[in-house]
Amino acid sequence: MLRKLTPLVSFLLFIPMLIEAQQASEYPNDYLSPAFHAGRRAAVREMMPKNTVGIFFASQVRNRNNDVDFQFAQNKNFYYLTGLEEPNSMLLIFKEPVTVLGKTGTEFLFVQPRNPSREMWTGKILGVEGVQELYKLDNVFTHDQFTYTAIDLSKVDSVLTTLYSENIISKYYGRGGSDPLSKMAQLIDSAITGNKKPNASRTIGNILRTLRAIKQPEEITLIAKAASISTEGHNAVMKGIKTGMTEYQAQAIMEYYFKKNGSEYPGYPSINGSAENTCVLHYETNQRLMKDGDLLLSDCAAEYHGYSADVTRTIPVNGKFSPAQKIIYELVLEAQDSAFLLCKSGNASNEPHKAAVRVITRGLTKLGIIATDAELRTYFPHGTSHGLGLDVHDPNPGILQTGAVFTVEPGIYIPPGSKCDKKWWNIGVRIEDDILITDTGYQNLSAGSPRTVAEIEKMAKQKSIFK
Ligand code: GLY
Ligand code: MN
Ligand code: MN
């Protein structure tokens, strides 16, 4: 029966049109803003000790085979601080203002120069003006301008870099190569002498880990979007899966929904393990033909504008859990629910894991699968939580606080040949959700995909173009 729409219902119905409108712009326009990156650089500088410089390198292009390179993936710290997604670039942040190539300031970015003949093959290079315009940075130069005379480290006591391995940056990065980044690294190496060696107790890595562990509102928007896209993929697999499908076909359904919604890549290689493969924690080959009675463990999530979700659902291929599968599944679900209750600001970040361990230890003991607490690790060999953000395994604060985003992902894995009743063999279950700590508790960013046995079995009965 049609009823008059309340203002709230009218607004909710309008949301899909808003999403369409956003997608209708020529290119995505919901990236992190220049102000976000400027704020993060200021926060890094604030935490740097006196008389130091922080050095951040872009990722390098990596060769795949012959003249084909891997798709470029930017270094996440560099992206966090600049937004720039090009190789051969370097950011310097000085604690105190200095003058570099006639410009005085604390931030200096060296980037690739424009190159029309290369751009014809691989697309636009922003160049100095493009970077200044897009990212609102003033002191931008091309990498070939980075010379001995450009660096003045005379007032610097310590050089802070995440790449300072074996005390020689260039050995770690570029291995003495002749590409622009290696050359810049070699110049920095030559300029670093004696007491300018990094301060091990307060490296820039620690500063970045501290900052990245607490997400800013703009980052939370992107993680929430990645999580919501991911749940759409999981729901499509729940509806579309059937006996006789392959693991890679389930992956294809999942990843179609990622791309359809503007996700640039999966956040990590999709894990689609069925039967015995449910027990391989990071199974990525996804080649098996799925049979009646199998479980499928899908640990798959989208990356959106650099931010990854991390979502796992475990579902019966034929749409109905067997009695043994249901018992193990519901034990993992109970562990996850108990862990959620400890997702609160002020709690240590390992509290959710401890809750999951208590539930699973008790449950497996009761089922006669383990005899001692020490055996738990045989069937639950990983932690319950890790931070989530630019990296799928991102920093997590020691004490939970508003803005922390992390996973809650208990699991039980019983491979064939395990020392327990055979009826449990080939049952691997993980349930993984993405949790944001708020002022009032927590929000499950991946709640859009069902977790209970009844809800999953109900969704399996829905229509799908894939079956
Ligand atoms: N997808 C990897 C993990 O759950 O940590
Ligand atoms: Mn995870
Ligand atoms: Mn995962």
# chains A, B, ... in the order shown; residues from 1 in each chain; ligands from 1
>>> residues_near_ligand(ligand="ligand 2", cutoff="10 Å", atoms="only C-alpha atoms and all ligand atoms", output="PyMOL selection string")
chain A and resi 299-301+309-312+382-388+392-394+406-410+430-434
>>> residues_around(residues="Val332 of chain A", least_positions_apart="5", cutoff="10 Å", atoms="only C-alpha atoms", output="list in words")
Lys326, Ile327, Asp337, Ser338, Ala356, Val359, Ile360, Gly363, Glu409, Pro410, Gly411, Ile412, Val429, Arg430 and Ile431 of chain A
>>> write_last_selection(atoms="N, CA, C and O atoms", output="PDB file, in the first residue's frame")
ATOM      1  N   LYS A 326      27.492 -25.291  10.975  1.00  0.00           N
ATOM      2  CA  LYS A 326      26.719 -24.294  11.737  1.00  0.00           C
ATOM      3  C   LYS A 326      27.275 -24.140  13.156  1.00  0.00           C
ATOM      4  O   LYS A 326      27.392 -23.024  13.677  1.00  0.00           O
ATOM      5  N   ILE A 327      27.672 -25.259  13.759  1.00  0.00           N
ATOM      6  CA  ILE A 327      28.206 -25.207  15.133  1.00  0.00           C
ATOM      7  C   ILE A 327      29.483 -24.370  15.177  1.00  0.00           C
ATOM      8  O   ILE A 327      29.651 -23.478  16.019  1.00  0.00           O
ATOM      9  N   ASP A 337      30.964 -11.329  18.358  1.00  0.00           N
ATOM     10  CA  ASP A 337      30.037 -10.478  19.131  1.00  0.00           C
ATOM     11  C   ASP A 337      30.642 -10.101  20.488  1.00  0.00           C
ATOM     12  O   ASP A 337      30.492  -8.969  20.948  1.00  0.00           O
ATOM     13  N   SER A 338      31.325 -11.052  21.132  1.00  0.00           N
ATOM     14  CA  SER A 338      31.949 -10.751  22.432  1.00  0.00           C
ATOM     15  C   SER A 338      33.067  -9.729  22.262  1.00  0.00           C
ATOM     16  O   SER A 338      33.259  -8.850  23.105  1.00  0.00           O
ATOM     17  N   ALA A 356      37.672 -12.817  22.259  1.00  0.00           N
ATOM     18  CA  ALA A 356      37.480 -13.863  21.242  1.00  0.00           C
ATOM     19  C   ALA A 356      38.183 -15.151  21.672  1.00  0.00           C
ATOM     20  O   ALA A 356      37.633 -16.260  21.517  1.00  0.00           O
ATOM     21  N   VAL A 359      36.087 -17.044  24.315  1.00  0.00           N
ATOM     22  CA  VAL A 359      34.902 -17.731  23.764  1.00  0.00           C
ATOM     23  C   VAL A 359      35.312 -18.971  22.974  1.00  0.00           C
ATOM     24  O   VAL A 359      34.734 -20.052  23.123  1.00  0.00           O
ATOM     25  N   ILE A 360      36.319 -18.824  22.114  1.00  0.00           N
ATOM     26  CA  ILE A 360      36.682 -19.955  21.238  1.00  0.00           C
ATOM     27  C   ILE A 360      37.340 -21.072  22.051  1.00  0.00           C
ATOM     28  O   ILE A 360      37.094 -22.261  21.801  1.00  0.00           O
ATOM     29  N   GLY A 363      34.520 -22.875  23.742  1.00  0.00           N
ATOM     30  CA  GLY A 363      33.696 -23.615  22.779  1.00  0.00           C
ATOM     31  C   GLY A 363      34.396 -24.849  22.230  1.00  0.00           C
ATOM     32  O   GLY A 363      33.805 -25.936  22.152  1.00  0.00           O
ATOM     33  N   GLU A 409      38.176  -9.984  13.651  1.00  0.00           N
ATOM     34  CA  GLU A 409      38.136 -11.124  12.731  1.00  0.00           C
ATOM     35  C   GLU A 409      38.564 -12.446  13.374  1.00  0.00           C
ATOM     36  O   GLU A 409      39.592 -13.019  13.002  1.00  0.00           O
ATOM     37  N   PRO A 410      37.780 -12.938  14.321  1.00  0.00           N
ATOM     38  CA  PRO A 410      38.118 -14.255  14.866  1.00  0.00           C
ATOM     39  C   PRO A 410      37.932 -15.339  13.806  1.00  0.00           C
ATOM     40  O   PRO A 410      37.212 -15.134  12.818  1.00  0.00           O
ATOM     41  N   GLY A 411      38.581 -16.483  14.031  1.00  0.00           N
ATOM     42  CA  GLY A 411      38.435 -17.579  13.075  1.00  0.00           C
ATOM     43  C   GLY A 411      38.742 -18.920  13.714  1.00  0.00           C
ATOM     44  O   GLY A 411      39.413 -18.993  14.754  1.00  0.00           O
ATOM     45  N   ILE A 412      38.219 -19.967  13.105  1.00  0.00           N
ATOM     46  CA  ILE A 412      38.546 -21.353  13.487  1.00  0.00           C
ATOM     47  C   ILE A 412      38.816 -22.099  12.181  1.00  0.00           C
ATOM     48  O   ILE A 412      38.015 -22.011  11.239  1.00  0.00           O
ATOM     49  N   VAL A 429      36.395 -21.154   9.213  1.00  0.00           N
ATOM     50  CA  VAL A 429      35.433 -20.044   9.297  1.00  0.00           C
ATOM     51  C   VAL A 429      36.155 -18.809   9.817  1.00  0.00           C
ATOM     52  O   VAL A 429      36.836 -18.859  10.840  1.00  0.00           O
ATOM     53  N   ARG A 430      36.019 -17.713   9.099  1.00  0.00           N
ATOM     54  CA  ARG A 430      36.454 -16.410   9.624  1.00  0.00           C
ATOM     55  C   ARG A 430      35.319 -15.433   9.345  1.00  0.00           C
ATOM     56  O   ARG A 430      34.689 -15.505   8.280  1.00  0.00           O
ATOM     57  N   ILE A 431      35.045 -14.571  10.301  1.00  0.00           N
ATOM     58  CA  ILE A 431      34.077 -13.493  10.090  1.00  0.00           C
ATOM     59  C   ILE A 431      34.822 -12.215  10.437  1.00  0.00           C
ATOM     60  O   ILE A 431      35.361 -12.091  11.538  1.00  0.00           O
TER      61      ILE A 431
END
>>> select_by_dssp(residues="segment 85-318 of chain A", states="strand (DSSP E)", output="VMD selection string")
chain A and resid 90 to 100 103 to 111 140 to 142 158 to 161 265 to 266 271 to 274 295 to 299 302 to 304 307 to 308 312 to 316
>>> residues_around(residues="Gly39 of chain A", least_positions_apart="5", cutoff="12 Å", atoms="only C-alpha atoms", output="list of chain:residue names")
A:Leu32, A:Ser33, A:Pro34, A:Val44, A:Arg45, A:Glu46, A:Tyr80, A:Leu81, A:Thr82, A:Leu211, A:Gln216, A:Glu218
>>> write_last_selection(atoms="N, CA, C and O atoms", output="PDB file, in the first residue's frame")
ATOM      1  N   LEU A  32      40.978  12.942  -1.118  1.00  0.00           N
ATOM      2  CA  LEU A  32      41.430  13.723   0.037  1.00  0.00           C
ATOM      3  C   LEU A  32      41.769  15.128  -0.461  1.00  0.00           C
ATOM      4  O   LEU A  32      42.311  15.293  -1.545  1.00  0.00           O
ATOM      5  N   SER A  33      41.484  16.132   0.359  1.00  0.00           N
ATOM      6  CA  SER A  33      41.685  17.511  -0.092  1.00  0.00           C
ATOM      7  C   SER A  33      43.126  17.973   0.145  1.00  0.00           C
ATOM      8  O   SER A  33      43.822  17.431   1.013  1.00  0.00           O
ATOM      9  N   PRO A  34      43.592  18.993  -0.590  1.00  0.00           N
ATOM     10  CA  PRO A  34      44.919  19.567  -0.303  1.00  0.00           C
ATOM     11  C   PRO A  34      45.038  19.981   1.167  1.00  0.00           C
ATOM     12  O   PRO A  34      46.096  19.845   1.770  1.00  0.00           O
ATOM     13  N   VAL A  44      53.068  16.183  11.259  1.00  0.00           N
ATOM     14  CA  VAL A  44      54.376  15.502  11.283  1.00  0.00           C
ATOM     15  C   VAL A  44      55.439  16.465  11.793  1.00  0.00           C
ATOM     16  O   VAL A  44      56.234  16.144  12.683  1.00  0.00           O
ATOM     17  N   ARG A  45      55.432  17.676  11.234  1.00  0.00           N
ATOM     18  CA  ARG A  45      56.470  18.665  11.587  1.00  0.00           C
ATOM     19  C   ARG A  45      56.407  18.992  13.071  1.00  0.00           C
ATOM     20  O   ARG A  45      57.421  19.099  13.753  1.00  0.00           O
ATOM     21  N   GLU A  46      55.196  19.120  13.563  1.00  0.00           N
ATOM     22  CA  GLU A  46      54.969  19.402  14.984  1.00  0.00           C
ATOM     23  C   GLU A  46      55.650  18.337  15.866  1.00  0.00           C
ATOM     24  O   GLU A  46      56.222  18.641  16.899  1.00  0.00           O
ATOM     25  N   TYR A  80      49.873   9.933   1.929  1.00  0.00           N
ATOM     26  CA  TYR A  80      49.246  10.565   3.101  1.00  0.00           C
ATOM     27  C   TYR A  80      49.656  12.037   3.199  1.00  0.00           C
ATOM     28  O   TYR A  80      48.857  12.898   3.535  1.00  0.00           O
ATOM     29  N   LEU A  81      50.916  12.302   2.861  1.00  0.00           N
ATOM     30  CA  LEU A  81      51.457  13.650   3.062  1.00  0.00           C
ATOM     31  C   LEU A  81      51.311  14.552   1.838  1.00  0.00           C
ATOM     32  O   LEU A  81      51.442  15.771   1.966  1.00  0.00           O
ATOM     33  N   THR A  82      51.063  13.966   0.666  1.00  0.00           N
ATOM     34  CA  THR A  82      50.998  14.806  -0.544  1.00  0.00           C
ATOM     35  C   THR A  82      49.747  14.588  -1.390  1.00  0.00           C
ATOM     36  O   THR A  82      49.260  15.525  -2.008  1.00  0.00           O
ATOM     37  N   LEU A 211      50.421   8.998  13.967  1.00  0.00           N
ATOM     38  CA  LEU A 211      49.400   9.823  13.304  1.00  0.00           C
ATOM     39  C   LEU A 211      48.404   8.958  12.534  1.00  0.00           C
ATOM     40  O   LEU A 211      47.188   9.171  12.612  1.00  0.00           O
ATOM     41  N   GLN A 216      41.412  10.820  10.425  1.00  0.00           N
ATOM     42  CA  GLN A 216      40.717  12.091  10.294  1.00  0.00           C
ATOM     43  C   GLN A 216      39.362  11.840   9.617  1.00  0.00           C
ATOM     44  O   GLN A 216      39.201  10.848   8.907  1.00  0.00           O
ATOM     45  N   GLU A 218      37.992  12.936   6.937  1.00  0.00           N
ATOM     46  CA  GLU A 218      38.048  12.670   5.473  1.00  0.00           C
ATOM     47  C   GLU A 218      38.486  11.235   5.187  1.00  0.00           C
ATOM     48  O   GLU A 218      38.055  10.625   4.213  1.00  0.00           O
TER      49      GLU A 218
END
>>> residues_around(residues="segment 228-237 of chain A", least_positions_apart="5", cutoff="8 Å", atoms="only C-alpha atoms", output="list of chain:residue names")
A:Ala250, A:Ile253, A:Met254, A:Glu255, A:Tyr256, A:Tyr257, A:Phe258, A:Asn261, A:Ser263, A:Ser298, A:Cys300, A:Ala301, A:Ala302, A:Ala309, A:Val311, A:Arg313, A:Leu445, A:Ser446, A:Ala447, A:Gly448, A:Ser449, A:Pro450, A:Met459, A:Ser464
>>> residues_around(residues="segment 287-289 of chain A", least_positions_apart="3", cutoff="12 Å", atoms="only C-alpha atoms", output="ChimeraX atom specification")
/A:241-252,271-278,283-284,292,294-296,317
>>> write_last_selection(atoms="N, CA and C atoms", output="mmCIF file, in the first residue's frame")
data_model
loop_
_atom_site.group_PDB
_atom_site.id
_atom_site.type_symbol
_atom_site.label_atom_id
_atom_site.label_comp_id
_atom_site.auth_asym_id
_atom_site.auth_seq_id
_atom_site.Cartn_x
_atom_site.Cartn_y
_atom_site.Cartn_z
ATOM 1 N N ILE A 241 26.211 -17.485 -5.545
ATOM 2 C CA ILE A 241 27.039 -18.695 -5.486
ATOM 3 C C ILE A 241 26.185 -19.956 -5.671
ATOM 4 N N LYS A 242 26.784 -20.962 -6.308
ATOM 5 C CA LYS A 242 26.087 -22.248 -6.448
ATOM 6 C C LYS A 242 27.114 -23.369 -6.615
ATOM 7 N N THR A 243 26.679 -24.582 -6.324
ATOM 8 C CA THR A 243 27.526 -25.763 -6.513
ATOM 9 C C THR A 243 27.951 -25.823 -7.988
ATOM 10 N N GLY A 244 29.226 -26.123 -8.231
ATOM 11 C CA GLY A 244 29.711 -26.221 -9.612
ATOM 12 C C GLY A 244 30.415 -24.953 -10.068
ATOM 13 N N MET A 245 30.341 -23.913 -9.273
ATOM 14 C CA MET A 245 31.066 -22.682 -9.605
ATOM 15 C C MET A 245 32.525 -22.857 -9.146
ATOM 16 N N THR A 246 33.451 -22.107 -9.738
ATOM 17 C CA THR A 246 34.839 -22.163 -9.258
ATOM 18 C C THR A 246 35.080 -21.006 -8.278
ATOM 19 N N GLU A 247 36.167 -21.180 -7.530
ATOM 20 C CA GLU A 247 36.541 -20.105 -6.590
ATOM 21 C C GLU A 247 36.797 -18.810 -7.354
ATOM 22 N N TYR A 248 37.420 -18.906 -8.551
ATOM 23 C CA TYR A 248 37.718 -17.664 -9.279
ATOM 24 C C TYR A 248 36.461 -17.025 -9.846
ATOM 25 N N GLN A 249 35.420 -17.831 -10.057
ATOM 26 C CA GLN A 249 34.161 -17.222 -10.518
ATOM 27 C C GLN A 249 33.492 -16.451 -9.369
ATOM 28 N N ALA A 250 33.601 -16.978 -8.153
ATOM 29 C CA ALA A 250 33.093 -16.224 -6.990
ATOM 30 C C ALA A 250 33.883 -14.918 -6.865
ATOM 31 N N GLN A 251 35.195 -15.000 -7.086
ATOM 32 C CA GLN A 251 36.048 -13.802 -7.040
ATOM 33 C C GLN A 251 35.612 -12.797 -8.118
ATOM 34 N N ALA A 252 35.259 -13.316 -9.299
ATOM 35 C CA ALA A 252 34.855 -12.427 -10.403
ATOM 36 C C ALA A 252 33.584 -11.662 -10.043
ATOM 37 N N ILE A 271 40.886 -13.401 -1.389
ATOM 38 C CA ILE A 271 41.029 -14.750 -0.818
ATOM 39 C C ILE A 271 39.673 -15.434 -0.960
ATOM 40 N N ASN A 272 39.605 -16.470 -1.774
ATOM 41 C CA ASN A 272 38.347 -17.211 -1.971
ATOM 42 C C ASN A 272 38.646 -18.694 -1.847
ATOM 43 N N GLY A 273 38.660 -19.199 -0.627
ATOM 44 C CA GLY A 273 39.027 -20.593 -0.390
ATOM 45 C C GLY A 273 37.808 -21.430 -0.040
ATOM 46 N N SER A 274 37.662 -22.569 -0.720
ATOM 47 C CA SER A 274 36.548 -23.461 -0.404
ATOM 48 C C SER A 274 37.096 -24.754 0.201
ATOM 49 N N ALA A 275 36.205 -25.476 0.934
ATOM 50 C CA ALA A 275 36.569 -26.766 1.550
ATOM 51 C C ALA A 275 37.915 -26.659 2.272
ATOM 52 N N GLU A 276 38.918 -27.507 1.906
ATOM 53 C CA GLU A 276 40.199 -27.463 2.651
ATOM 54 C C GLU A 276 40.891 -26.106 2.529
ATOM 55 N N ASN A 277 40.575 -25.379 1.452
ATOM 56 C CA ASN A 277 41.221 -24.067 1.257
ATOM 57 C C ASN A 277 40.686 -23.003 2.215
ATOM 58 N N THR A 278 39.558 -23.274 2.874
ATOM 59 C CA THR A 278 39.084 -22.319 3.891
ATOM 60 C C THR A 278 40.088 -22.239 5.039
ATOM 61 N N TYR A 283 44.976 -17.720 1.368
ATOM 62 C CA TYR A 283 44.870 -18.493 0.118
ATOM 63 C C TYR A 283 44.478 -17.526 -1.006
ATOM 64 N N GLU A 284 45.291 -17.453 -2.055
ATOM 65 C CA GLU A 284 45.019 -16.450 -3.104
ATOM 66 C C GLU A 284 44.907 -17.029 -4.506
ATOM 67 N N ASP A 292 29.045 -29.517 -3.751
ATOM 68 C CA ASP A 292 27.912 -29.500 -2.823
ATOM 69 C C ASP A 292 28.425 -29.779 -1.408
ATOM 70 N N ASP A 294 30.327 -27.817 0.450
ATOM 71 C CA ASP A 294 31.539 -27.048 0.806
ATOM 72 C C ASP A 294 31.171 -25.725 1.462
ATOM 73 N N LEU A 295 32.094 -25.239 2.276
ATOM 74 C CA LEU A 295 32.038 -23.842 2.710
ATOM 75 C C LEU A 295 32.930 -23.033 1.775
ATOM 76 N N LEU A 296 32.633 -21.750 1.622
ATOM 77 C CA LEU A 296 33.542 -20.820 0.936
ATOM 78 C C LEU A 296 33.890 -19.694 1.896
ATOM 79 N N VAL A 317 28.305 -23.158 0.065
ATOM 80 C CA VAL A 317 28.201 -23.056 -1.395
ATOM 81 C C VAL A 317 26.781 -23.397 -1.866
#
>>> closest_residue(among="A:Gln443, A:Lys422, A:Lys291, A:His282", to="ligand 1", atoms="only C-alpha atoms and all ligand atoms")
A:His282
>>> atom_distance(atom1="atom CA of Glu107 of chain A", atom2="atom CA of Leu137 of chain A")
8.4 Å
>>> residues_around(residues="Pro416 of chain A", least_positions_apart="2", cutoff="6 Å", atoms="only C-alpha atoms", output="PDB file with all heavy atoms, in the first residue's frame")
ATOM      1  N   SER A 418      43.342 -33.141  10.886  1.00  0.00           N
ATOM      2  CA  SER A 418      43.459 -32.589  12.252  1.00  0.00           C
ATOM      3  C   SER A 418      43.121 -33.664  13.276  1.00  0.00           C
ATOM      4  O   SER A 418      42.328 -34.590  13.001  1.00  0.00           O
ATOM      5  CB  SER A 418      42.483 -31.421  12.428  1.00  0.00           C
ATOM      6  OG  SER A 418      42.831 -30.359  11.586  1.00  0.00           O
ATOM      7  N   TRP A 425      36.503 -31.757   9.868  1.00  0.00           N
ATOM      8  CA  TRP A 425      37.549 -31.464   8.873  1.00  0.00           C
ATOM      9  C   TRP A 425      36.998 -30.620   7.716  1.00  0.00           C
ATOM     10  O   TRP A 425      35.824 -30.729   7.358  1.00  0.00           O
ATOM     11  CB  TRP A 425      38.130 -32.764   8.289  1.00  0.00           C
ATOM     12  CG  TRP A 425      38.945 -33.569   9.275  1.00  0.00           C
ATOM     13  CD1 TRP A 425      39.140 -33.303  10.597  1.00  0.00           C
ATOM     14  CD2 TRP A 425      39.658 -34.767   9.001  1.00  0.00           C
ATOM     15  NE1 TRP A 425      39.930 -34.253  11.175  1.00  0.00           N
ATOM     16  CE2 TRP A 425      40.275 -35.181  10.209  1.00  0.00           C
ATOM     17  CE3 TRP A 425      39.849 -35.554   7.860  1.00  0.00           C
ATOM     18  CZ2 TRP A 425      41.057 -36.333  10.308  1.00  0.00           C
ATOM     19  CZ3 TRP A 425      40.625 -36.704   7.959  1.00  0.00           C
ATOM     20  CH2 TRP A 425      41.225 -37.080   9.168  1.00  0.00           C
ATOM     21  N   ASN A 426      37.867 -29.811   7.149  1.00  0.00           N
ATOM     22  CA  ASN A 426      37.528 -28.923   6.009  1.00  0.00           C
ATOM     23  C   ASN A 426      36.629 -27.757   6.405  1.00  0.00           C
ATOM     24  O   ASN A 426      36.067 -27.090   5.533  1.00  0.00           O
ATOM     25  CB  ASN A 426      36.860 -29.686   4.852  1.00  0.00           C
ATOM     26  CG  ASN A 426      37.814 -30.649   4.205  1.00  0.00           C
ATOM     27  OD1 ASN A 426      38.984 -30.329   4.033  1.00  0.00           O
ATOM     28  ND2 ASN A 426      37.337 -31.835   3.864  1.00  0.00           N
TER      29      ASN A 426
END
>>> atom_distance(atom1="atom CA of Ala324 of chain A", atom2="atom CA of Pro352 of chain A")
25.7 Å
